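**Student:** Let me give you the structure first, and then I'll get to my questions.
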Amino acid sequence: MNIGVDAAALGMANAVTASSHDVNSVYWNPAGLLGIESRQVALMHASYFANIAQYDYAAYAQPIDDRSSWGISLIRFGVDDILNTTQLIDNQGNIDYNRISKFSTADYGFTFSYAHKLPLDGLQYGANAKVIRRVIGKFANSWGFGFDLGLKFKSGPWDIGLMLRDITTTYNIWNIDEDEYAKIQQAVEGQNQEKPESTEITLPKAQFGVSRLFEYDRDYTFLAALNLNMEFTKTNDIIASDLVSIAPAAGLEFGYTDLVFVRTGFGNFQKQTQIDNTSKLSFQPNVGLGFKYKGIQVDYALTDLGNQSAALYSNIFSLKVDLSIFE
């Protein structure tokens, strides 16, 4: 739930808390769902770590009336066909490759979103109710529940957004298969002796964003966006304290006739300690392209998964369709 969705947003380094106003707002800021005028769907697929992990996302949203909207989304991040070698050696100490099986491990996030306009002109809010499902083959699985709250204020070309994630703290309760755990508990002396904790928590986070849209001669647009991503613990972010740590992110989008878009962004600014105890600033550069025609938008992003010098890039594609074109 922390990676992000939509190649357009990822190309801008996720700095879209204030500017998101389509079906993908179910993830970035549910208050932005009020920007849609008809039914919309979105799809995304990405492969990570040399195609070992698959990341998929689908979403749908539509207006309820002129003051409210709703949406749903599903995210899956999984690794499939993992070799299970726990039974590779039989009771006589012989290696038997026929005893190898395969399993998958996957995380699922299902979200229901609702947005509504407040009486103050330009102010709107949105909320997410999330169900988290995690599965590790037949060994363990969990269910979790959480809530997000988003706010957005629009004044002319300016947008201000605030996204509070996991505001009540998201809890996942694990169920560990006792029989499968017993098979590995004594496999290596001194390891796996105690069963893992059955409760996993996700602490609250916050994103504050500001964006402005510039328009020139009705053909050219320029969107500038800034995000402050906050965690309420001390991290390696460039602004870090025991109370809160802040990592800035900035994104830019140039558009031509609402048809072609070019994007770039810089985020995940971190302080890295080197071997000689000196500190180095690292960041993630992203770039992207988009093409929109008659309600169909295809976006591409080239994102950096690690340090900007590591060249660990991923290619991400997403699709967004305004279903009113079929009416």
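Identifiers in the structure tokens: chain A, B, ... in order shown; residue index from 1 per chain; ligand index from 1 in order shown.
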When DSSP is applied to the backbone of this structure, which of region 166-290 of chain A are assigned strand (DSSP E or B)? Write them out as an MDAnalysis selection string.
**Tutor:** chainID A and resid 170:176 199:202 205:216 220:231 237 239:240 245:256 260:273 279:290
**Student:** May I have a table of the residues of region 241-325 of chain A lying at most 12 Å from region 219-227 of chain A, giving each one's closest pair of atoms and their distance in Å to one decimal, counting only C-alpha atoms, ordered by chain and ascending residue number, as a tab-separated table?
**Tutor:**
```
residue	atom	partner	partner_atom	distance
A:Ile246	CA	A:Asn227	CA	9.7
A:Ala247	CA	A:Asn227	CA	8.2
A:Pro248	CA	A:Asn227	CA	5.6
A:Ala249	CA	A:Asn227	CA	5.0
A:Ala250	CA	A:Leu226	CA	4.5
A:Gly251	CA	A:Ala225	CA	5.1
A:Leu252	CA	A:Ala224	CA	4.8
A:Glu253	CA	A:Leu223	CA	5.0
A:Phe254	CA	A:Phe222	CA	4.7
A:Gly255	CA	A:Thr221	CA	4.9
A:Tyr256	CA	A:Tyr220	CA	4.8
A:Thr257	CA	A:Asp219	CA	4.4
A:Asp258	CA	A:Asp219	CA	7.5
A:Leu259	CA	A:Asp219	CA	9.5
A:Val260	CA	A:Tyr220	CA	9.9
A:Phe261	CA	A:Thr221	CA	9.2
A:Val262	CA	A:Phe222	CA	9.7
A:Arg263	CA	A:Leu223	CA	9.3
A:Thr264	CA	A:Ala224	CA	10.2
A:Gly265	CA	A:Ala225	CA	9.2
A:Phe266	CA	A:Leu226	CA	9.8
A:Gly267	CA	A:Asn227	CA	8.9
A:Asn268	CA	A:Asn227	CA	10.7
A:Phe269	CA	A:Asn227	CA	11.8
```
**Student:** So which residues touch Gly109 (chain A) within 10 Å, counting only C-alpha atoms, skipping near sequence neighbours fewer than 4 positions away, as a PyMOL selection string?
**Tutor:** chain A and resi 1+57+73-77+130-134+144-145
**Student:** I'd like the contact shell of region 201-218 of chain A - 8 Å cut-off, only C-alpha atoms, skipping same-chain residues fewer than 5 positions apart - returned as a compact mmCIF listing (two decimals) with all heavy atoms, in the first residue's frame.
**Tutor:**
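The new file part-v6.txt reads:
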```txt
# COMPACT_ATOMS: atom_id res chain seq x y z
N ALA A 15 4.04 13.04 -6.13
CA ALA A 15 3.73 14.34 -5.55
C ALA A 15 2.37 14.84 -6.05
O ALA A 15 2.25 15.91 -6.65
CB ALA A 15 4.82 15.36 -5.89
N VAL A 16 1.31 14.05 -5.81
CA VAL A 16 0.01 14.35 -6.39
C VAL A 16 -1.11 14.41 -5.34
O VAL A 16 -2.28 14.33 -5.68
CB VAL A 16 -0.35 13.30 -7.47
CG1 VAL A 16 0.62 13.39 -8.63
CG2 VAL A 16 -0.39 11.90 -6.88
N THR A 17 -0.76 14.56 -4.08
CA THR A 17 -1.78 14.62 -3.02
C THR A 17 -2.77 15.75 -3.28
O THR A 17 -3.97 15.60 -3.01
CB THR A 17 -1.11 14.81 -1.65
OG1 THR A 17 -0.24 13.70 -1.40
CG2 THR A 17 -2.15 14.89 -0.54
N ALA A 18 -2.30 16.86 -3.80
CA ALA A 18 -3.18 18.00 -4.05
C ALA A 18 -3.78 17.97 -5.44
O ALA A 18 -4.91 18.42 -5.64
CB ALA A 18 -2.40 19.30 -3.85
N SER A 19 -3.07 17.45 -6.44
CA SER A 19 -3.51 17.57 -7.83
C SER A 19 -4.35 16.40 -8.32
O SER A 19 -4.98 16.50 -9.37
CB SER A 19 -2.29 17.72 -8.76
OG SER A 19 -1.43 16.59 -8.65
N PRO A 157 -6.26 28.50 -9.57
CA PRO A 157 -5.31 27.50 -10.09
C PRO A 157 -4.59 26.73 -9.00
O PRO A 157 -3.82 25.82 -9.29
CB PRO A 157 -4.32 28.37 -10.89
CG PRO A 157 -4.32 29.68 -10.16
CD PRO A 157 -5.73 29.88 -9.68
N TRP A 158 -4.84 27.06 -7.74
CA TRP A 158 -4.15 26.43 -6.62
C TRP A 158 -4.98 25.27 -6.05
O TRP A 158 -6.20 25.37 -5.92
CB TRP A 158 -3.86 27.43 -5.51
CG TRP A 158 -2.82 28.45 -5.85
CD1 TRP A 158 -3.03 29.70 -6.38
CD2 TRP A 158 -1.43 28.31 -5.69
NE1 TRP A 158 -1.84 30.34 -6.56
CE2 TRP A 158 -0.82 29.51 -6.15
CE3 TRP A 158 -0.59 27.29 -5.22
CZ2 TRP A 158 0.55 29.72 -6.13
CZ3 TRP A 158 0.79 27.50 -5.20
CH2 TRP A 158 1.34 28.69 -5.65
N ASP A 159 -4.28 24.20 -5.68
CA ASP A 159 -4.89 23.08 -4.98
C ASP A 159 -4.05 22.75 -3.75
O ASP A 159 -2.81 22.71 -3.84
CB ASP A 159 -4.99 21.84 -5.87
CG ASP A 159 -6.13 21.94 -6.87
OD1 ASP A 159 -7.28 21.78 -6.44
OD2 ASP A 159 -5.86 22.18 -8.06
N ILE A 160 -4.72 22.51 -2.64
CA ILE A 160 -4.05 22.09 -1.41
C ILE A 160 -4.68 20.78 -0.96
O ILE A 160 -5.91 20.66 -0.94
CB ILE A 160 -4.18 23.16 -0.31
CG1 ILE A 160 -3.55 24.48 -0.77
CG2 ILE A 160 -3.53 22.68 0.99
CD1 ILE A 160 -3.78 25.63 0.19
N GLY A 161 -3.86 19.81 -0.62
CA GLY A 161 -4.38 18.51 -0.22
C GLY A 161 -3.69 17.97 1.01
O GLY A 161 -2.50 18.24 1.25
N LEU A 162 -4.44 17.22 1.80
CA LEU A 162 -3.89 16.55 2.98
C LEU A 162 -4.43 15.13 3.02
O LEU A 162 -5.65 14.93 2.96
CB LEU A 162 -4.28 17.29 4.26
CG LEU A 162 -3.84 16.63 5.57
CD1 LEU A 162 -2.32 16.61 5.68
CD2 LEU A 162 -4.45 17.35 6.78
N MET A 163 -3.56 14.15 3.09
CA MET A 163 -3.95 12.74 3.14
C MET A 163 -3.41 12.13 4.42
O MET A 163 -2.20 12.13 4.67
CB MET A 163 -3.39 11.99 1.93
CG MET A 163 -3.73 10.52 1.89
SD MET A 163 -5.50 10.20 1.78
CE MET A 163 -5.49 8.44 1.40
N LEU A 164 -4.30 11.62 5.26
CA LEU A 164 -3.94 10.96 6.50
C LEU A 164 -4.18 9.46 6.32
O LEU A 164 -5.33 9.02 6.23
CB LEU A 164 -4.77 11.51 7.66
CG LEU A 164 -4.70 13.02 7.87
CD1 LEU A 164 -5.66 13.45 8.97
CD2 LEU A 164 -3.28 13.46 8.20
N ARG A 165 -3.11 8.69 6.25
CA ARG A 165 -3.22 7.26 6.01
C ARG A 165 -3.22 6.47 7.32
O ARG A 165 -2.49 6.82 8.25
CB ARG A 165 -2.06 6.77 5.13
CG ARG A 165 -2.04 7.41 3.76
CD ARG A 165 -0.97 6.76 2.86
NE ARG A 165 -0.95 7.41 1.55
CZ ARG A 165 -1.73 7.08 0.54
NH1 ARG A 165 -2.61 6.09 0.70
NH2 ARG A 165 -1.66 7.71 -0.61
N ASP A 166 -4.04 5.44 7.37
CA ASP A 166 -4.10 4.54 8.53
C ASP A 166 -4.32 5.34 9.82
O ASP A 166 -3.61 5.16 10.82
CB ASP A 166 -2.81 3.72 8.63
CG ASP A 166 -2.52 2.95 7.36
OD1 ASP A 166 -3.32 2.07 7.02
OD2 ASP A 166 -1.51 3.26 6.70
N ILE A 167 -5.31 6.22 9.78
CA ILE A 167 -5.51 7.16 10.89
C ILE A 167 -5.83 6.47 12.21
O ILE A 167 -5.54 7.01 13.28
CB ILE A 167 -6.62 8.19 10.55
CG1 ILE A 167 -7.92 7.48 10.18
CG2 ILE A 167 -6.17 9.13 9.45
CD1 ILE A 167 -9.09 8.41 9.98
N THR A 168 -6.41 5.29 12.16
CA THR A 168 -6.72 4.56 13.39
C THR A 168 -5.68 3.49 13.69
O THR A 168 -5.87 2.70 14.62
CB THR A 168 -8.11 3.91 13.30
OG1 THR A 168 -8.13 3.02 12.19
CG2 THR A 168 -9.19 4.96 13.12
N THR A 169 -4.60 3.46 12.91
CA THR A 169 -3.61 2.38 12.91
C THR A 169 -4.25 1.13 12.32
O THR A 169 -5.30 0.69 12.76
CB THR A 169 -3.05 2.07 14.32
OG1 THR A 169 -2.46 3.25 14.86
CG2 THR A 169 -1.99 0.97 14.25
N THR A 170 -3.63 0.61 11.26
CA THR A 170 -4.16 -0.57 10.58
C THR A 170 -3.59 -1.83 11.20
O THR A 170 -2.37 -1.96 11.34
CB THR A 170 -3.83 -0.51 9.08
OG1 THR A 170 -4.50 0.63 8.50
CG2 THR A 170 -4.28 -1.77 8.36
N TYR A 171 -4.47 -2.74 11.59
CA TYR A 171 -4.07 -3.98 12.25
C TYR A 171 -4.24 -5.16 11.30
O TYR A 171 -5.26 -5.30 10.64
CB TYR A 171 -4.91 -4.22 13.50
CG TYR A 171 -4.60 -3.29 14.64
CD1 TYR A 171 -5.21 -2.04 14.75
CD2 TYR A 171 -3.67 -3.64 15.62
CE1 TYR A 171 -4.92 -1.18 15.79
CE2 TYR A 171 -3.37 -2.79 16.67
CZ TYR A 171 -3.99 -1.56 16.75
OH TYR A 171 -3.70 -0.70 17.78
N ASN A 172 -3.23 -6.03 11.26
CA ASN A 172 -3.32 -7.30 10.56
C ASN A 172 -3.17 -8.43 11.58
O ASN A 172 -2.20 -8.46 12.34
CB ASN A 172 -2.23 -7.43 9.49
CG ASN A 172 -2.71 -7.04 8.12
OD1 ASN A 172 -2.98 -5.87 7.87
ND2 ASN A 172 -2.83 -8.01 7.23
N LEU A 223 1.90 21.95 -14.86
CA LEU A 223 1.49 21.64 -13.49
C LEU A 223 2.73 21.46 -12.63
O LEU A 223 3.62 20.65 -12.95
CB LEU A 223 0.66 20.35 -13.47
CG LEU A 223 0.25 19.83 -12.08
CD1 LEU A 223 -0.72 20.80 -11.41
CD2 LEU A 223 -0.39 18.44 -12.20
N ALA A 224 2.80 22.22 -11.55
CA ALA A 224 3.89 22.10 -10.59
C ALA A 224 3.30 21.63 -9.27
O ALA A 224 2.30 22.18 -8.80
CB ALA A 224 4.62 23.43 -10.41
N ALA A 225 3.90 20.59 -8.66
CA ALA A 225 3.35 20.00 -7.43
C ALA A 225 4.47 19.72 -6.43
O ALA A 225 5.58 19.34 -6.81
CB ALA A 225 2.59 18.72 -7.75
N LEU A 226 4.14 19.90 -5.17
CA LEU A 226 5.09 19.65 -4.08
C LEU A 226 4.38 18.85 -2.99
O LEU A 226 3.24 19.16 -2.62
CB LEU A 226 5.63 20.96 -3.50
CG LEU A 226 6.52 20.83 -2.26
CD1 LEU A 226 7.84 20.16 -2.63
CD2 LEU A 226 6.77 22.20 -1.63
N ASN A 227 5.05 17.82 -2.49
CA ASN A 227 4.52 16.99 -1.41
C ASN A 227 5.49 17.00 -0.23
O ASN A 227 6.72 17.03 -0.42
CB ASN A 227 4.35 15.55 -1.87
CG ASN A 227 2.89 15.15 -2.01
OD1 ASN A 227 2.09 15.94 -2.51
ND2 ASN A 227 2.55 13.96 -1.58
N LEU A 228 4.94 16.94 0.97
CA LEU A 228 5.71 16.69 2.18
C LEU A 228 5.16 15.40 2.78
O LEU A 228 4.02 15.36 3.25
CB LEU A 228 5.58 17.85 3.18
CG LEU A 228 6.12 19.20 2.71
CD1 LEU A 228 5.87 20.26 3.78
CD2 LEU A 228 7.60 19.12 2.36
N ASN A 229 5.95 14.34 2.72
CA ASN A 229 5.53 13.02 3.20
C ASN A 229 6.05 12.82 4.61
O ASN A 229 7.26 12.83 4.84
CB ASN A 229 6.04 11.93 2.26
CG ASN A 229 5.58 12.15 0.83
OD1 ASN A 229 4.41 12.42 0.57
ND2 ASN A 229 6.52 12.06 -0.11
N MET A 230 5.14 12.61 5.54
CA MET A 230 5.48 12.60 6.96
C MET A 230 5.26 11.24 7.61
O MET A 230 4.22 10.61 7.40
CB MET A 230 4.67 13.66 7.71
CG MET A 230 5.01 15.08 7.30
SD MET A 230 3.82 16.30 7.93
CE MET A 230 2.59 16.24 6.63
N GLU A 231 6.23 10.79 8.40
CA GLU A 231 6.11 9.62 9.25
C GLU A 231 6.36 10.07 10.69
O GLU A 231 7.27 10.86 10.95
CB GLU A 231 7.10 8.54 8.85
CG GLU A 231 6.87 7.95 7.48
CD GLU A 231 7.79 6.78 7.19
OE1 GLU A 231 7.81 5.84 8.03
OE2 GLU A 231 8.47 6.81 6.17
N PHE A 232 5.59 9.53 11.60
CA PHE A 232 5.67 9.98 12.99
C PHE A 232 6.64 9.11 13.79
O PHE A 232 6.31 8.53 14.83
CB PHE A 232 4.27 10.01 13.60
CG PHE A 232 3.35 10.93 12.85
CD1 PHE A 232 2.43 10.42 11.95
CD2 PHE A 232 3.44 12.30 13.01
CE1 PHE A 232 1.59 11.26 11.22
CE2 PHE A 232 2.62 13.16 12.29
CZ PHE A 232 1.69 12.64 11.40
N THR A 257 -2.36 20.63 -25.56
CA THR A 257 -3.74 20.48 -26.05
C THR A 257 -4.49 19.34 -25.35
O THR A 257 -5.35 18.70 -25.95
CB THR A 257 -3.77 20.25 -27.58
OG1 THR A 257 -3.15 19.01 -27.89
CG2 THR A 257 -3.09 21.39 -28.31
```
**Student:** Please return, as a PyMOL selection string, all residues of region 134-279 of chain A that DSSP assigns to alpha helix (DSSP H) on the basis of the backbone.
**Tutor:** chain A and resi 178-185
**Student:** Using only C-alpha atoms, can you tell me which of A:Ser314, A:Ile173, A:Leu88, A:Tyr97 comes closest to Phe49 (chain A)?
**Tutor:**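 Going through A:Ser314, A:Ile173, A:Leu88, A:Tyr97 one by one, the smallest distance to Phe49 (chain A) is for A:Ser314.
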**Student:** By how many Å are CA of Asn51 (chain A) and CA of Asn14 (chain A) apart?
**Tutor:** 22.4 Å
**Student:** Rank nothing, just name the residue among A:Ile296, A:Ala182, A:Leu302, A:Ile136 nearest to Val41 (chain A), using only C-alpha atoms.
**Tutor:**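 Of A:Ile296, A:Ala182, A:Leu302, A:Ile136, the one nearest Val41 (chain A), counting only C-alpha atoms, is A:Ile296.
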**Student:** So which residues touch Ser68 (chain A) within 10 Å, counting only C-alpha atoms, skipping near sequence neighbours fewer than 3 positions away, as a VMD selection string?
**Tutor:** chain A and resid 31 33 to 35 62 to 65 114 to 118 124 to 126
**Student:** Which one of A:Thr199, A:Ser25, A:Ser101, A:Ser279 sits closest to Gly150 (chain A) if you count only C-alpha atoms?
**Tutor:**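 The closest residue to Gly150 (chain A) is A:Ser25.
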**Student:** What separation in Å, quoted to one decimal, exists between CA of Arg39 (chain A) and CA of Tyr60 (chain A)?
**Tutor:**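 Separation between CA of Arg39 (chain A) and CA of Tyr60 (chain A): 7.4 Å.
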